[in-house]
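Peer 1: Just so it is clear, I am handing over upload39.cif, which has mmCIF, C-alpha atoms.
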```cif
data_upload
loop_
_atom_site.group_PDB
_atom_site.id
_atom_site.type_symbol
_atom_site.label_atom_id
_atom_site.label_comp_id
_atom_site.auth_asym_id
_atom_site.auth_seq_id
_atom_site.Cartn_x
_atom_site.Cartn_y
_atom_site.Cartn_z
ATOM 1 C CA MET A 1 -66.682 -18.480 19.079
ATOM 2 C CA PRO A 2 -65.409 -14.926 18.870
ATOM 3 C CA ASP A 3 -64.966 -13.164 15.545
ATOM 4 C CA GLY A 4 -61.197 -13.304 15.885
ATOM 5 C CA PRO A 5 -58.552 -15.364 17.637
ATOM 6 C CA PRO A 6 -57.374 -14.462 21.144
ATOM 7 C CA SER A 7 -54.640 -12.383 19.488
ATOM 8 C CA ASP A 8 -57.323 -9.722 18.859
ATOM 9 C CA VAL A 9 -57.473 -9.077 22.609
ATOM 10 C CA THR A 10 -56.040 -5.685 23.564
ATOM 11 C CA THR A 11 -57.580 -5.311 27.039
ATOM 12 C CA ILE A 12 -57.845 -7.814 29.872
ATOM 13 C CA HIS A 13 -60.118 -7.200 32.861
ATOM 14 C CA THR A 14 -59.244 -9.101 36.027
ATOM 15 C CA LEU A 15 -59.042 -9.047 39.823
ATOM 16 C CA GLY A 16 -57.344 -6.236 41.698
ATOM 17 C CA PRO A 17 -56.041 -4.368 43.502
ATOM 18 C CA THR A 18 -52.546 -4.405 42.082
ATOM 19 C CA GLY A 19 -50.348 -7.332 43.069
ATOM 20 C CA THR A 20 -52.817 -10.181 42.537
ATOM 21 C CA ASN A 21 -51.857 -13.426 40.868
ATOM 22 C CA LEU A 22 -54.460 -12.640 38.214
ATOM 23 C CA GLU A 23 -52.876 -9.288 37.405
ATOM 24 C CA MET A 24 -49.506 -11.035 37.032
ATOM 25 C CA ALA A 25 -51.079 -13.695 34.795
ATOM 26 C CA ALA A 26 -52.763 -11.057 32.592
ATOM 27 C CA HIS A 27 -49.436 -9.324 31.981
ATOM 28 C CA HIS A 28 -47.866 -12.738 31.331
ATOM 29 C CA TRP A 29 -50.555 -13.516 28.725
ATOM 30 C CA PHE A 30 -49.688 -10.368 26.779
ATOM 31 C CA SER A 31 -45.894 -10.721 27.133
ATOM 32 C CA SER A 32 -45.894 -14.413 26.165
ATOM 33 C CA ARG A 33 -47.557 -13.361 22.900
ATOM 34 C CA ARG A 34 -45.168 -10.415 22.480
ATOM 35 C CA ARG A 35 -48.093 -8.026 22.513
ATOM 36 C CA ASP A 36 -48.815 -4.775 24.252
ATOM 37 C CA GLY A 37 -52.091 -4.658 26.097
ATOM 38 C CA THR A 38 -53.988 -2.971 28.867
ATOM 39 C CA VAL A 39 -54.828 -4.703 32.151
ATOM 40 C CA ILE A 40 -57.771 -3.227 34.060
ATOM 41 C CA LEU A 41 -58.262 -4.287 37.682
ATOM 42 C CA HIS A 42 -61.641 -4.734 39.367
ATOM 43 C CA ALA A 43 -62.865 -5.525 42.882
ATOM 44 C CA GLN A 44 -64.336 -8.809 41.575
ATOM 45 C CA VAL A 45 -63.425 -10.621 38.348
ATOM 46 C CA GLU A 46 -66.982 -10.412 37.049
ATOM 47 C CA ASP A 47 -67.074 -6.627 37.569
ATOM 48 C CA GLY A 48 -65.181 -6.403 34.280
ATOM 49 C CA LEU A 49 -68.421 -7.279 32.474
ATOM 50 C CA GLY A 50 -69.738 -3.794 33.211
ATOM 51 C CA SER A 51 -66.987 -1.961 31.365
ATOM 52 C CA MET A 52 -65.767 -4.300 28.666
ATOM 53 C CA ARG A 53 -66.435 -4.208 24.946
ATOM 54 C CA PHE A 54 -68.018 -7.299 23.418
ATOM 55 C CA ASP A 55 -66.270 -7.043 20.058
ATOM 56 C CA GLY A 56 -63.434 -9.525 20.606
ATOM 57 C CA SER A 57 -60.972 -6.894 21.842
ATOM 58 C CA ASP A 58 -61.735 -7.179 25.580
ATOM 59 C CA ALA A 59 -61.443 -10.270 27.740
ATOM 60 C CA ILE A 60 -61.768 -11.347 31.340
ATOM 61 C CA LEU A 61 -58.998 -13.398 32.917
ATOM 62 C CA ALA A 62 -60.035 -15.751 35.715
ATOM 63 C CA CYS A 63 -58.462 -18.790 37.321
ATOM 64 C CA ALA A 64 -59.674 -22.315 37.875
ATOM 65 C CA VAL A 65 -60.064 -21.799 41.637
ATOM 66 C CA TYR A 66 -61.970 -18.514 41.381
ATOM 67 C CA PRO A 67 -65.001 -19.082 43.624
ATOM 68 C CA ARG A 68 -67.611 -18.043 41.040
ATOM 69 C CA LEU A 69 -65.932 -19.149 37.805
ATOM 70 C CA HIS A 70 -68.899 -21.392 37.016
ATOM 71 C CA ASP A 71 -71.250 -18.383 37.233
ATOM 72 C CA LEU A 72 -68.982 -16.295 35.012
ATOM 73 C CA VAL A 73 -69.058 -19.029 32.369
ATOM 74 C CA PHE A 74 -72.654 -20.254 32.460
ATOM 75 C CA GLN A 75 -74.402 -16.947 33.118
ATOM 76 C CA ASN A 76 -72.591 -15.353 30.206
ATOM 77 C CA LEU A 77 -72.682 -18.015 27.495
ATOM 78 C CA HIS A 78 -74.446 -15.503 25.232
ATOM 79 C CA ARG A 79 -71.627 -12.950 25.419
ATOM 80 C CA LEU A 80 -68.378 -14.606 26.551
ATOM 81 C CA ALA A 81 -66.321 -17.376 24.987
ATOM 82 C CA MET A 82 -63.547 -19.172 26.835
ATOM 83 C CA VAL A 83 -60.831 -19.060 24.191
ATOM 84 C CA ASP A 84 -57.606 -19.800 26.021
ATOM 85 C CA SER A 85 -56.174 -21.351 29.156
ATOM 86 C CA PHE A 86 -52.657 -21.727 30.455
ATOM 87 C CA ILE A 87 -50.771 -22.926 33.507
ATOM 88 C CA LEU A 88 -48.558 -20.485 35.355
ATOM 89 C CA HIS A 89 -47.228 -20.582 38.912
ATOM 90 C CA THR A 90 -48.729 -18.073 41.303
ATOM 91 C CA TYR A 91 -46.575 -15.843 43.405
ATOM 92 C CA GLU A 92 -45.528 -17.653 46.584
ATOM 93 C CA MET A 93 -48.524 -18.000 48.888
ATOM 94 C CA VAL A 94 -47.768 -17.036 52.483
ATOM 95 C CA LEU A 95 -49.215 -16.544 55.935
ATOM 96 C CA ALA A 96 -48.190 -13.057 57.046
ATOM 97 C CA THR A 97 -48.643 -10.737 60.029
ATOM 98 C CA ARG A 98 -47.700 -7.225 60.989
ATOM 99 C CA PRO A 99 -44.121 -7.131 62.308
ATOM 100 C CA GLY A 100 -44.126 -7.888 66.034
ATOM 101 C CA GLN A 101 -47.579 -9.537 66.030
ATOM 102 C CA GLN A 102 -47.379 -12.040 68.903
ATOM 103 C CA SER A 103 -50.520 -14.130 68.531
ATOM 104 C CA VAL A 104 -52.815 -15.015 65.673
ATOM 105 C CA THR A 105 -56.519 -15.439 66.338
ATOM 106 C CA THR A 106 -58.037 -13.706 63.293
ATOM 107 C CA ILE A 107 -56.959 -14.416 59.715
ATOM 108 C CA VAL A 108 -58.209 -12.832 56.499
ATOM 109 C CA THR A 109 -57.888 -14.628 53.168
ATOM 110 C CA HIS A 110 -59.351 -14.913 49.703
ATOM 111 C CA PRO A 111 -61.761 -17.899 49.666
ATOM 112 C CA ALA A 112 -59.548 -20.004 47.363
ATOM 113 C CA PRO A 113 -56.579 -20.574 49.726
ATOM 114 C CA SER A 114 -58.633 -20.447 52.938
ATOM 115 C CA SER A 115 -58.172 -24.171 53.605
ATOM 116 C CA LEU A 116 -54.471 -23.485 54.232
ATOM 117 C CA VAL A 117 -55.399 -21.881 57.568
ATOM 118 C CA ALA A 118 -58.858 -23.291 58.343
ATOM 119 C CA SER A 119 -57.793 -24.704 61.719
ATOM 120 C CA ARG A 120 -55.513 -21.860 62.771
ATOM 121 C CA GLY A 121 -57.958 -19.205 63.926
ATOM 122 C CA GLN A 122 -61.101 -17.316 63.034
ATOM 123 C CA VAL A 123 -61.040 -17.017 59.245
ATOM 124 C CA SER A 124 -62.691 -14.120 57.410
ATOM 125 C CA LEU A 125 -62.895 -13.768 53.654
ATOM 126 C CA SER A 126 -61.575 -11.010 51.425
ATOM 127 C CA SER A 127 -62.055 -10.349 47.713
ATOM 128 C CA SER A 128 -58.380 -10.896 46.819
ATOM 129 C CA ASN A 129 -54.989 -11.841 48.217
ATOM 130 C CA SER A 130 -53.798 -8.241 47.820
ATOM 131 C CA ARG A 131 -56.825 -6.868 49.662
ATOM 132 C CA ALA A 132 -56.261 -9.404 52.472
ATOM 133 C CA ALA A 133 -52.712 -8.075 52.900
ATOM 134 C CA ALA A 134 -53.991 -4.491 53.058
ATOM 135 C CA GLU A 135 -56.646 -5.416 55.643
ATOM 136 C CA CYS A 136 -54.033 -7.164 57.800
ATOM 137 C CA ALA A 137 -51.598 -4.255 57.499
ATOM 138 C CA ALA A 138 -54.391 -1.887 58.577
ATOM 139 C CA GLY A 139 -54.794 -3.886 61.802
ATOM 140 C CA ARG A 140 -58.226 -5.346 61.045
ATOM 141 C CA TYR A 141 -56.867 -8.902 61.361
ATOM 142 C CA ASP A 142 -53.892 -10.529 63.079
ATOM 143 C CA ALA A 143 -52.738 -12.368 59.947
ATOM 144 C CA CYS A 144 -53.556 -13.013 56.319
ATOM 145 C CA VAL A 145 -53.026 -15.529 53.567
ATOM 146 C CA THR A 146 -51.644 -13.575 50.658
ATOM 147 C CA THR A 147 -48.836 -13.551 48.135
ATOM 148 C CA ASP A 148 -45.231 -12.885 49.098
ATOM 149 C CA ARG A 149 -45.352 -9.832 46.833
ATOM 150 C CA ALA A 150 -48.462 -8.365 48.486
ATOM 151 C CA ALA A 151 -47.079 -9.111 51.965
ATOM 152 C CA LYS A 152 -43.819 -7.295 51.203
ATOM 153 C CA SER A 153 -45.675 -4.383 49.611
ATOM 154 C CA ALA A 154 -47.874 -4.018 52.720
ATOM 155 C CA GLY A 155 -44.872 -4.218 55.087
ATOM 156 C CA LEU A 156 -45.938 -7.543 56.580
ATOM 157 C CA ALA A 157 -43.739 -10.244 58.067
ATOM 158 C CA ILE A 158 -43.956 -13.701 56.517
ATOM 159 C CA VAL A 159 -44.744 -16.361 59.123
ATOM 160 C CA GLU A 160 -45.049 -19.360 56.788
ATOM 161 C CA ASN A 161 -44.394 -19.819 53.092
ATOM 162 C CA PHE A 162 -46.687 -22.313 51.342
ATOM 163 C CA GLY A 163 -44.816 -21.814 48.056
ATOM 164 C CA PRO A 164 -46.080 -21.068 44.561
ATOM 165 C CA VAL A 165 -49.067 -22.976 43.191
ATOM 166 C CA PRO A 166 -49.285 -24.165 39.586
ATOM 167 C CA MET A 167 -52.531 -22.470 38.503
ATOM 168 C CA VAL A 168 -54.808 -22.771 35.499
ATOM 169 C CA TYR A 169 -55.872 -19.379 34.148
ATOM 170 C CA THR A 170 -58.776 -18.959 31.741
ATOM 171 C CA LEU A 171 -59.343 -16.198 29.181
ATOM 172 C CA HIS A 172 -62.944 -15.260 28.327
ATOM 173 C CA VAL A 173 -63.427 -12.972 25.325
ATOM 174 C CA GLY A 174 -66.452 -10.705 24.961
ATOM 175 C CA THR A 175 -68.230 -11.865 21.821
ATOM 176 C CA GLY A 176 -71.751 -10.529 21.821
ATOM 177 C CA GLY A 177 -74.730 -9.642 23.927
ATOM 178 C CA PRO A 178 -75.410 -6.245 25.416
ATOM 179 C CA ALA A 179 -72.348 -4.081 25.090
ATOM 180 C CA ALA A 180 -71.317 -1.659 27.800
ATOM 181 C CA PRO A 181 -70.780 1.984 26.902
ATOM 182 C CA HIS A 182 -67.388 2.526 25.267
ATOM 183 C CA ARG A 183 -64.754 3.679 27.718
ATOM 184 C CA ASP A 184 -61.772 5.845 26.927
ATOM 185 C CA ALA A 185 -58.519 3.948 26.777
#
```
Written as C-alpha coordinates, how would this file's structure read?
Peer 2:
Amino acid sequence: MPDGPPSDVTTIHTLGPTGTNLEMAAHHWFSSRRRDGTVILHAQVEDGLGSMRFDGSDAILACAVYPRLHDLVFQNLHRLAMVDSFILHTYEMVLATRPGQQSVTTIVTHPAPSSLVASRGQVSLSSSNSRAAAECAAGRYDACVTTDRAAKSAGLAIVENFGPVPMVYTLHVGTGGPAAPHRDA
(Lines of atoms letter the chains of each structure in order from A and count residues from 1; the text may use other names and numbers.)
(Lines give C-alpha, C1' and ligand atoms only; values in the text may rest on other atoms or scores of the structure.)
Protein backbone atom coordinates (compact mmCIF):
# COMPACT_ATOMS: atom_id res chain seq x y z
CA MET A 1 0.00 0.00 0.00
CA PRO A 2 1.14 3.57 -0.47
CA ASP A 3 2.65 5.57 2.38
CA GLY A 4 -0.44 7.76 2.58
CA PRO A 5 -4.12 7.61 1.72
CA PRO A 6 -5.38 8.67 -1.71
CA SER A 7 -5.87 12.16 -0.24
CA ASP A 8 -2.09 12.63 -0.62
CA VAL A 9 -2.53 12.65 -4.40
CA THR A 10 -1.89 16.07 -5.93
CA THR A 11 -1.35 15.04 -9.57
CA ILE A 12 -3.30 12.63 -11.74
CA HIS A 13 -1.93 11.39 -15.06
CA THR A 14 -4.50 10.12 -17.55
CA LEU A 15 -5.56 9.88 -21.19
CA GLY A 16 -5.71 12.92 -23.43
CA PRO A 17 -6.07 14.99 -25.44
CA THR A 18 -8.45 17.28 -23.60
CA GLY A 19 -12.10 16.26 -23.58
CA THR A 20 -11.72 12.57 -22.72
CA ASN A 21 -13.94 10.82 -20.22
CA LEU A 22 -10.81 10.09 -18.19
CA GLU A 23 -9.88 13.77 -17.99
CA MET A 24 -13.41 14.54 -16.78
CA ALA A 25 -13.19 11.73 -14.21
CA ALA A 26 -9.80 12.97 -12.93
CA HIS A 27 -11.21 16.44 -12.31
CA HIS A 28 -14.26 14.83 -10.67
CA TRP A 29 -11.98 12.83 -8.34
CA PHE A 30 -10.34 16.02 -7.09
CA SER A 31 -13.57 18.06 -6.85
CA SER A 32 -15.48 15.29 -5.05
CA ARG A 33 -12.77 15.43 -2.37
CA ARG A 34 -12.80 19.24 -2.34
CA ARG A 35 -9.15 19.28 -3.32
CA ASP A 36 -7.13 21.18 -5.86
CA GLY A 37 -4.98 19.05 -8.09
CA THR A 38 -3.22 18.89 -11.40
CA VAL A 39 -4.39 16.68 -14.27
CA ILE A 40 -1.73 15.80 -16.84
CA LEU A 41 -2.86 14.29 -20.15
CA HIS A 42 -0.93 11.68 -22.11
CA ALA A 43 -1.31 9.93 -25.47
CA GLN A 44 -1.76 6.60 -23.63
CA VAL A 45 -2.72 6.10 -19.98
CA GLU A 46 0.47 4.19 -19.24
CA ASP A 47 2.62 7.03 -20.65
CA GLY A 48 2.10 8.72 -17.28
CA LEU A 49 4.55 6.22 -15.76
CA GLY A 50 7.41 8.04 -17.47
CA SER A 51 6.81 11.36 -15.76
CA MET A 52 5.17 10.59 -12.45
CA ARG A 53 6.67 10.64 -8.98
CA PHE A 54 6.47 7.41 -6.99
CA ASP A 55 6.10 9.05 -3.58
CA GLY A 56 2.32 8.82 -3.15
CA SER A 57 1.65 12.26 -4.64
CA ASP A 58 1.14 11.17 -8.27
CA ALA A 59 -1.42 8.72 -9.58
CA ILE A 60 -2.69 7.30 -12.84
CA LEU A 61 -6.42 7.25 -13.51
CA ALA A 62 -7.68 4.48 -15.79
CA CYS A 63 -11.07 2.93 -16.41
CA ALA A 64 -12.32 -0.63 -16.28
CA VAL A 65 -12.65 -0.86 -20.07
CA TYR A 66 -9.20 0.54 -20.85
CA PRO A 67 -7.74 -2.02 -23.27
CA ARG A 68 -4.48 -2.55 -21.37
CA LEU A 69 -5.62 -2.03 -17.78
CA HIS A 70 -4.43 -5.53 -16.88
CA ASP A 71 -0.91 -4.67 -18.11
CA LEU A 72 -0.90 -1.41 -16.16
CA VAL A 73 -1.78 -3.30 -12.98
CA PHE A 74 0.27 -6.49 -13.25
CA GLN A 75 3.38 -5.07 -14.90
CA ASN A 76 3.63 -2.40 -12.23
CA LEU A 77 2.83 -4.24 -9.00
CA HIS A 78 6.22 -3.14 -7.65
CA ARG A 79 5.48 0.57 -8.06
CA LEU A 80 1.72 1.17 -8.33
CA ALA A 81 -1.10 0.46 -5.90
CA MET A 82 -4.75 0.58 -6.89
CA VAL A 83 -6.13 2.63 -4.02
CA ASP A 84 -9.52 3.86 -5.18
CA SER A 85 -12.31 3.21 -7.65
CA PHE A 86 -15.57 4.96 -8.35
CA ILE A 87 -18.48 4.87 -10.75
CA LEU A 88 -19.23 7.95 -12.82
CA HIS A 89 -21.20 8.32 -16.04
CA THR A 90 -19.17 9.09 -19.13
CA TYR A 91 -20.06 11.94 -21.40
CA GLU A 92 -22.71 10.84 -23.90
CA MET A 93 -21.17 8.48 -26.43
CA VAL A 94 -22.09 9.31 -30.02
CA LEU A 95 -21.54 8.44 -33.65
CA ALA A 96 -20.57 11.67 -35.40
CA THR A 97 -19.61 12.88 -38.88
CA ARG A 98 -18.53 16.09 -40.51
CA PRO A 99 -21.58 18.24 -41.33
CA GLY A 100 -22.94 17.26 -44.74
CA GLN A 101 -21.22 13.84 -44.80
CA GLN A 102 -23.55 11.71 -46.95
CA SER A 103 -22.24 8.18 -46.52
CA VAL A 104 -20.27 6.37 -43.86
CA THR A 105 -17.82 3.67 -44.89
CA THR A 106 -14.88 4.40 -42.56
CA ILE A 107 -15.24 4.90 -38.81
CA VAL A 108 -12.55 5.69 -36.25
CA THR A 109 -13.02 4.85 -32.58
CA HIS A 110 -11.19 4.08 -29.36
CA PRO A 111 -11.06 0.27 -28.94
CA ALA A 112 -13.43 0.25 -25.94
CA PRO A 113 -16.64 1.39 -27.69
CA SER A 114 -15.78 -0.12 -31.08
CA SER A 115 -18.47 -2.80 -30.79
CA LEU A 116 -21.09 -0.04 -31.07
CA VAL A 117 -20.26 0.28 -34.78
CA ALA A 118 -18.60 -3.04 -35.65
CA SER A 119 -21.09 -3.84 -38.43
CA ARG A 120 -21.46 -0.32 -39.81
CA GLY A 121 -18.30 0.11 -41.87
CA GLN A 122 -14.55 -0.28 -41.87
CA VAL A 123 -13.48 0.39 -38.28
CA SER A 124 -10.06 1.82 -37.41
CA LEU A 125 -8.77 2.36 -33.90
CA SER A 126 -7.63 5.56 -32.23
CA SER A 127 -5.95 6.17 -28.88
CA SER A 128 -8.89 8.12 -27.41
CA ASN A 129 -12.41 9.33 -28.08
CA SER A 130 -11.14 12.91 -28.39
CA ARG A 131 -8.45 11.91 -30.89
CA ALA A 132 -11.06 9.99 -32.92
CA ALA A 133 -13.14 13.18 -33.18
CA ALA A 134 -10.10 15.16 -34.34
CA GLU A 135 -9.23 12.52 -36.96
CA CYS A 136 -12.81 12.55 -38.29
CA ALA A 137 -12.92 16.36 -38.36
CA ALA A 138 -9.65 16.35 -40.32
CA GLY A 139 -11.30 14.21 -43.01
CA ARG A 140 -9.30 11.03 -42.39
CA TYR A 141 -12.51 9.07 -41.68
CA ASP A 142 -16.18 9.46 -42.56
CA ALA A 143 -17.37 9.08 -38.96
CA CYS A 144 -16.21 8.45 -35.42
CA VAL A 145 -17.41 7.12 -32.11
CA THR A 146 -16.62 9.80 -29.59
CA THR A 147 -18.15 11.82 -26.79
CA ASP A 148 -20.79 14.47 -27.40
CA ARG A 149 -18.36 17.01 -25.96
CA ALA A 150 -15.51 16.05 -28.30
CA ALA A 151 -17.87 15.96 -31.29
CA LYS A 152 -19.15 19.47 -30.56
CA SER A 153 -15.62 20.76 -29.96
CA ALA A 154 -14.48 19.35 -33.32
CA GLY A 155 -17.51 20.81 -35.16
CA LEU A 156 -18.99 17.40 -35.96
CA ALA A 157 -22.63 16.50 -36.46
CA ILE A 158 -24.09 13.84 -34.19
CA VAL A 159 -25.68 11.01 -36.17
CA GLU A 160 -26.61 8.74 -33.26
CA ASN A 161 -26.47 9.18 -29.51
CA PHE A 162 -25.71 6.00 -27.54
CA GLY A 163 -26.06 7.89 -24.24
CA PRO A 164 -23.78 8.06 -21.22
CA VAL A 165 -22.24 4.87 -19.84
CA PRO A 166 -21.87 4.19 -16.12
CA MET A 167 -18.10 3.61 -15.90
CA VAL A 168 -15.76 2.28 -13.24
CA TYR A 169 -12.63 4.41 -12.88
CA THR A 170 -9.54 3.19 -11.04
CA LEU A 171 -6.86 5.25 -9.30
CA HIS A 172 -3.31 3.84 -9.17
CA VAL A 173 -0.86 5.64 -6.88
CA GLY A 174 2.89 5.57 -7.46
CA THR A 175 4.37 3.90 -4.40
CA GLY A 176 7.88 2.76 -5.18
CA GLY A 177 10.17 1.38 -7.81
CA PRO A 178 12.31 3.44 -10.13
CA ALA A 179 11.28 7.06 -9.92
CA ALA A 180 11.22 9.29 -12.97
CA PRO A 181 13.15 12.55 -12.89
CA HIS A 182 11.25 15.25 -11.00
CA ARG A 183 9.27 17.52 -13.28
CA ASP A 184 8.42 21.14 -12.64
CA ALA A 185 4.84 21.69 -11.62
Peer 1: Under the rule of at most 10 Å, produce a per-residue listing of region 152-176 of chain A near region 50-67 of chain A: chain, number, name, the closest pair of atoms, and the distance in Å, as CSV, using only C-alpha atoms.
Peer 2:
```
residue,atom,partner,partner_atom,distance
A:Met167,CA,A:Cys63,CA,7.1
A:Val168,CA,A:Ala64,CA,5.4
A:Tyr169,CA,A:Cys63,CA,4.1
A:Thr170,CA,A:Ala62,CA,5.3
A:Leu171,CA,A:Leu61,CA,4.7
A:His172,CA,A:Ile60,CA,5.1
A:Val173,CA,A:Ala59,CA,4.1
A:Gly174,CA,A:Phe54,CA,4.1
A:Thr175,CA,A:Phe54,CA,4.8
A:Gly176,CA,A:Phe54,CA,5.2
```
Peer 1: Give me, as a PDB file with C-alpha atoms, in the frame of the given file, all polymer residues having an atom no more than 12 Å from region 25-29 of chain A, counting all atoms listed in the file and skipping those fewer than 3 positions away in the same chain.
Peer 2:
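Written out: out04.pdb:
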```pdb
ATOM      1  CA  PRO A   6     -57.374 -14.462  21.144  1.00  0.00           C
ATOM      2  CA  SER A   7     -54.640 -12.383  19.488  1.00  0.00           C
ATOM      3  CA  VAL A   9     -57.473  -9.077  22.609  1.00  0.00           C
ATOM      4  CA  THR A  10     -56.040  -5.685  23.564  1.00  0.00           C
ATOM      5  CA  THR A  11     -57.580  -5.311  27.039  1.00  0.00           C
ATOM      6  CA  ILE A  12     -57.845  -7.814  29.872  1.00  0.00           C
ATOM      7  CA  HIS A  13     -60.118  -7.200  32.861  1.00  0.00           C
ATOM      8  CA  THR A  14     -59.244  -9.101  36.027  1.00  0.00           C
ATOM      9  CA  LEU A  15     -59.042  -9.047  39.823  1.00  0.00           C
ATOM     10  CA  GLY A  16     -57.344  -6.236  41.698  1.00  0.00           C
ATOM     11  CA  THR A  18     -52.546  -4.405  42.082  1.00  0.00           C
ATOM     12  CA  GLY A  19     -50.348  -7.332  43.069  1.00  0.00           C
ATOM     13  CA  THR A  20     -52.817 -10.181  42.537  1.00  0.00           C
ATOM     14  CA  ASN A  21     -51.857 -13.426  40.868  1.00  0.00           C
ATOM     15  CA  LEU A  22     -54.460 -12.640  38.214  1.00  0.00           C
ATOM     16  CA  SER A  32     -45.894 -14.413  26.165  1.00  0.00           C
ATOM     17  CA  ARG A  33     -47.557 -13.361  22.900  1.00  0.00           C
ATOM     18  CA  ARG A  34     -45.168 -10.415  22.480  1.00  0.00           C
ATOM     19  CA  ARG A  35     -48.093  -8.026  22.513  1.00  0.00           C
ATOM     20  CA  ASP A  36     -48.815  -4.775  24.252  1.00  0.00           C
ATOM     21  CA  GLY A  37     -52.091  -4.658  26.097  1.00  0.00           C
ATOM     22  CA  THR A  38     -53.988  -2.971  28.867  1.00  0.00           C
ATOM     23  CA  VAL A  39     -54.828  -4.703  32.151  1.00  0.00           C
ATOM     24  CA  ILE A  40     -57.771  -3.227  34.060  1.00  0.00           C
ATOM     25  CA  LEU A  41     -58.262  -4.287  37.682  1.00  0.00           C
ATOM     26  CA  ALA A  59     -61.443 -10.270  27.740  1.00  0.00           C
ATOM     27  CA  ILE A  60     -61.768 -11.347  31.340  1.00  0.00           C
ATOM     28  CA  LEU A  61     -58.998 -13.398  32.917  1.00  0.00           C
ATOM     29  CA  ALA A  62     -60.035 -15.751  35.715  1.00  0.00           C
ATOM     30  CA  CYS A  63     -58.462 -18.790  37.321  1.00  0.00           C
ATOM     31  CA  ASP A  84     -57.606 -19.800  26.021  1.00  0.00           C
ATOM     32  CA  SER A  85     -56.174 -21.351  29.156  1.00  0.00           C
ATOM     33  CA  PHE A  86     -52.657 -21.727  30.455  1.00  0.00           C
ATOM     34  CA  ILE A  87     -50.771 -22.926  33.507  1.00  0.00           C
ATOM     35  CA  LEU A  88     -48.558 -20.485  35.355  1.00  0.00           C
ATOM     36  CA  HIS A  89     -47.228 -20.582  38.912  1.00  0.00           C
ATOM     37  CA  THR A  90     -48.729 -18.073  41.303  1.00  0.00           C
ATOM     38  CA  TYR A  91     -46.575 -15.843  43.405  1.00  0.00           C
ATOM     39  CA  PRO A 166     -49.285 -24.165  39.586  1.00  0.00           C
ATOM     40  CA  MET A 167     -52.531 -22.470  38.503  1.00  0.00           C
ATOM     41  CA  VAL A 168     -54.808 -22.771  35.499  1.00  0.00           C
ATOM     42  CA  TYR A 169     -55.872 -19.379  34.148  1.00  0.00           C
ATOM     43  CA  THR A 170     -58.776 -18.959  31.741  1.00  0.00           C
ATOM     44  CA  LEU A 171     -59.343 -16.198  29.181  1.00  0.00           C
ATOM     45  CA  HIS A 172     -62.944 -15.260  28.327  1.00  0.00           C
TER      46      HIS A 172
END
```
Peer 1: At what distance in Å, to one decimal, does CA of Pro111 (chain A) lie from CA of Ala81 (chain A)?
Peer 2: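 CA of Pro111 (chain A) lies at a distance of 25.1 Å from CA of Ala81 (chain A).
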Peer 1: From (-45.7, -5.3, 62.0), in the file's coordinates, out to 10 Å: which residues are reached, counting all atoms listed in the file? Answer as a PDB file with C-alpha atoms, in the coordinates of the input.
Peer 2:
```
ATOM      1  CA  ALA A  96     -48.190 -13.057  57.046  1.00  0.00           C
ATOM      2  CA  THR A  97     -48.643 -10.737  60.029  1.00  0.00           C
ATOM      3  CA  ARG A  98     -47.700  -7.225  60.989  1.00  0.00           C
ATOM      4  CA  PRO A  99     -44.121  -7.131  62.308  1.00  0.00           C
ATOM      5  CA  GLY A 100     -44.126  -7.888  66.034  1.00  0.00           C
ATOM      6  CA  GLN A 101     -47.579  -9.537  66.030  1.00  0.00           C
ATOM      7  CA  GLN A 102     -47.379 -12.040  68.903  1.00  0.00           C
ATOM      8  CA  CYS A 136     -54.033  -7.164  57.800  1.00  0.00           C
ATOM      9  CA  ALA A 137     -51.598  -4.255  57.499  1.00  0.00           C
ATOM     10  CA  ALA A 138     -54.391  -1.887  58.577  1.00  0.00           C
ATOM     11  CA  GLY A 139     -54.794  -3.886  61.802  1.00  0.00           C
ATOM     12  CA  ASP A 142     -53.892 -10.529  63.079  1.00  0.00           C
ATOM     13  CA  ALA A 154     -47.874  -4.018  52.720  1.00  0.00           C
ATOM     14  CA  GLY A 155     -44.872  -4.218  55.087  1.00  0.00           C
ATOM     15  CA  LEU A 156     -45.938  -7.543  56.580  1.00  0.00           C
ATOM     16  CA  ALA A 157     -43.739 -10.244  58.067  1.00  0.00           C
TER      17      ALA A 157
END
```
Peer 1: Hey, can you check how far CA of Leu116 (chain A) sits from CA of Val145 (chain A)?
Peer 2: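 It comes out at 8.1 Å.
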Peer 1: Expanded to explicit residues, what is the PyMOL selection byres ((chain A and resi 132) around 9) for this file, as an mmCIF file with C-alpha atoms, in the frame of the given file?
Peer 2:
```cif
data_model
loop_
_atom_site.group_PDB
_atom_site.id
_atom_site.type_symbol
_atom_site.label_atom_id
_atom_site.label_comp_id
_atom_site.auth_asym_id
_atom_site.auth_seq_id
_atom_site.Cartn_x
_atom_site.Cartn_y
_atom_site.Cartn_z
ATOM 1 C CA ILE A 107 -56.959 -14.416 59.715
ATOM 2 C CA VAL A 108 -58.209 -12.832 56.499
ATOM 3 C CA THR A 109 -57.888 -14.628 53.168
ATOM 4 C CA HIS A 110 -59.351 -14.913 49.703
ATOM 5 C CA LEU A 125 -62.895 -13.768 53.654
ATOM 6 C CA SER A 126 -61.575 -11.010 51.425
ATOM 7 C CA SER A 127 -62.055 -10.349 47.713
ATOM 8 C CA SER A 128 -58.380 -10.896 46.819
ATOM 9 C CA ASN A 129 -54.989 -11.841 48.217
ATOM 10 C CA SER A 130 -53.798 -8.241 47.820
ATOM 11 C CA ARG A 131 -56.825 -6.868 49.662
ATOM 12 C CA ALA A 133 -52.712 -8.075 52.900
ATOM 13 C CA ALA A 134 -53.991 -4.491 53.058
ATOM 14 C CA GLU A 135 -56.646 -5.416 55.643
ATOM 15 C CA CYS A 136 -54.033 -7.164 57.800
ATOM 16 C CA ALA A 137 -51.598 -4.255 57.499
ATOM 17 C CA TYR A 141 -56.867 -8.902 61.361
ATOM 18 C CA ALA A 143 -52.738 -12.368 59.947
ATOM 19 C CA CYS A 144 -53.556 -13.013 56.319
ATOM 20 C CA VAL A 145 -53.026 -15.529 53.567
ATOM 21 C CA THR A 146 -51.644 -13.575 50.658
ATOM 22 C CA ALA A 150 -48.462 -8.365 48.486
#
```
Peer 1: For Asp148 (chain A), which of A:Gly48, A:His78, A:Val94, A:Ser119 is the closest residue, counting all atoms listed in the file?
Peer 2: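 Going through A:Gly48, A:His78, A:Val94, A:Ser119 one by one, the smallest distance to Asp148 (chain A) is for A:Val94.
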Peer 1: Take CA of Val104 (chain A) and CA of Gln122 (chain A) and report the distance between them in Å, one decimal.
Peer 2: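 Between CA of Val104 (chain A) and CA of Gln122 (chain A) the gap works out to 9.0 Å.
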Peer 1: Would you give the centre and edge lengths, in Å to one decimal, of a box along x, y and z around the listed atoms of region 56-70 of chain A, with 8 Å added to each side, as AutoDock Vina command-line options?
Peer 2:
```
--center_x -63.7 --center_y -14.6 --center_z 32.1 --size_x 26.4 --size_y 31.4 --size_z 39.0
```
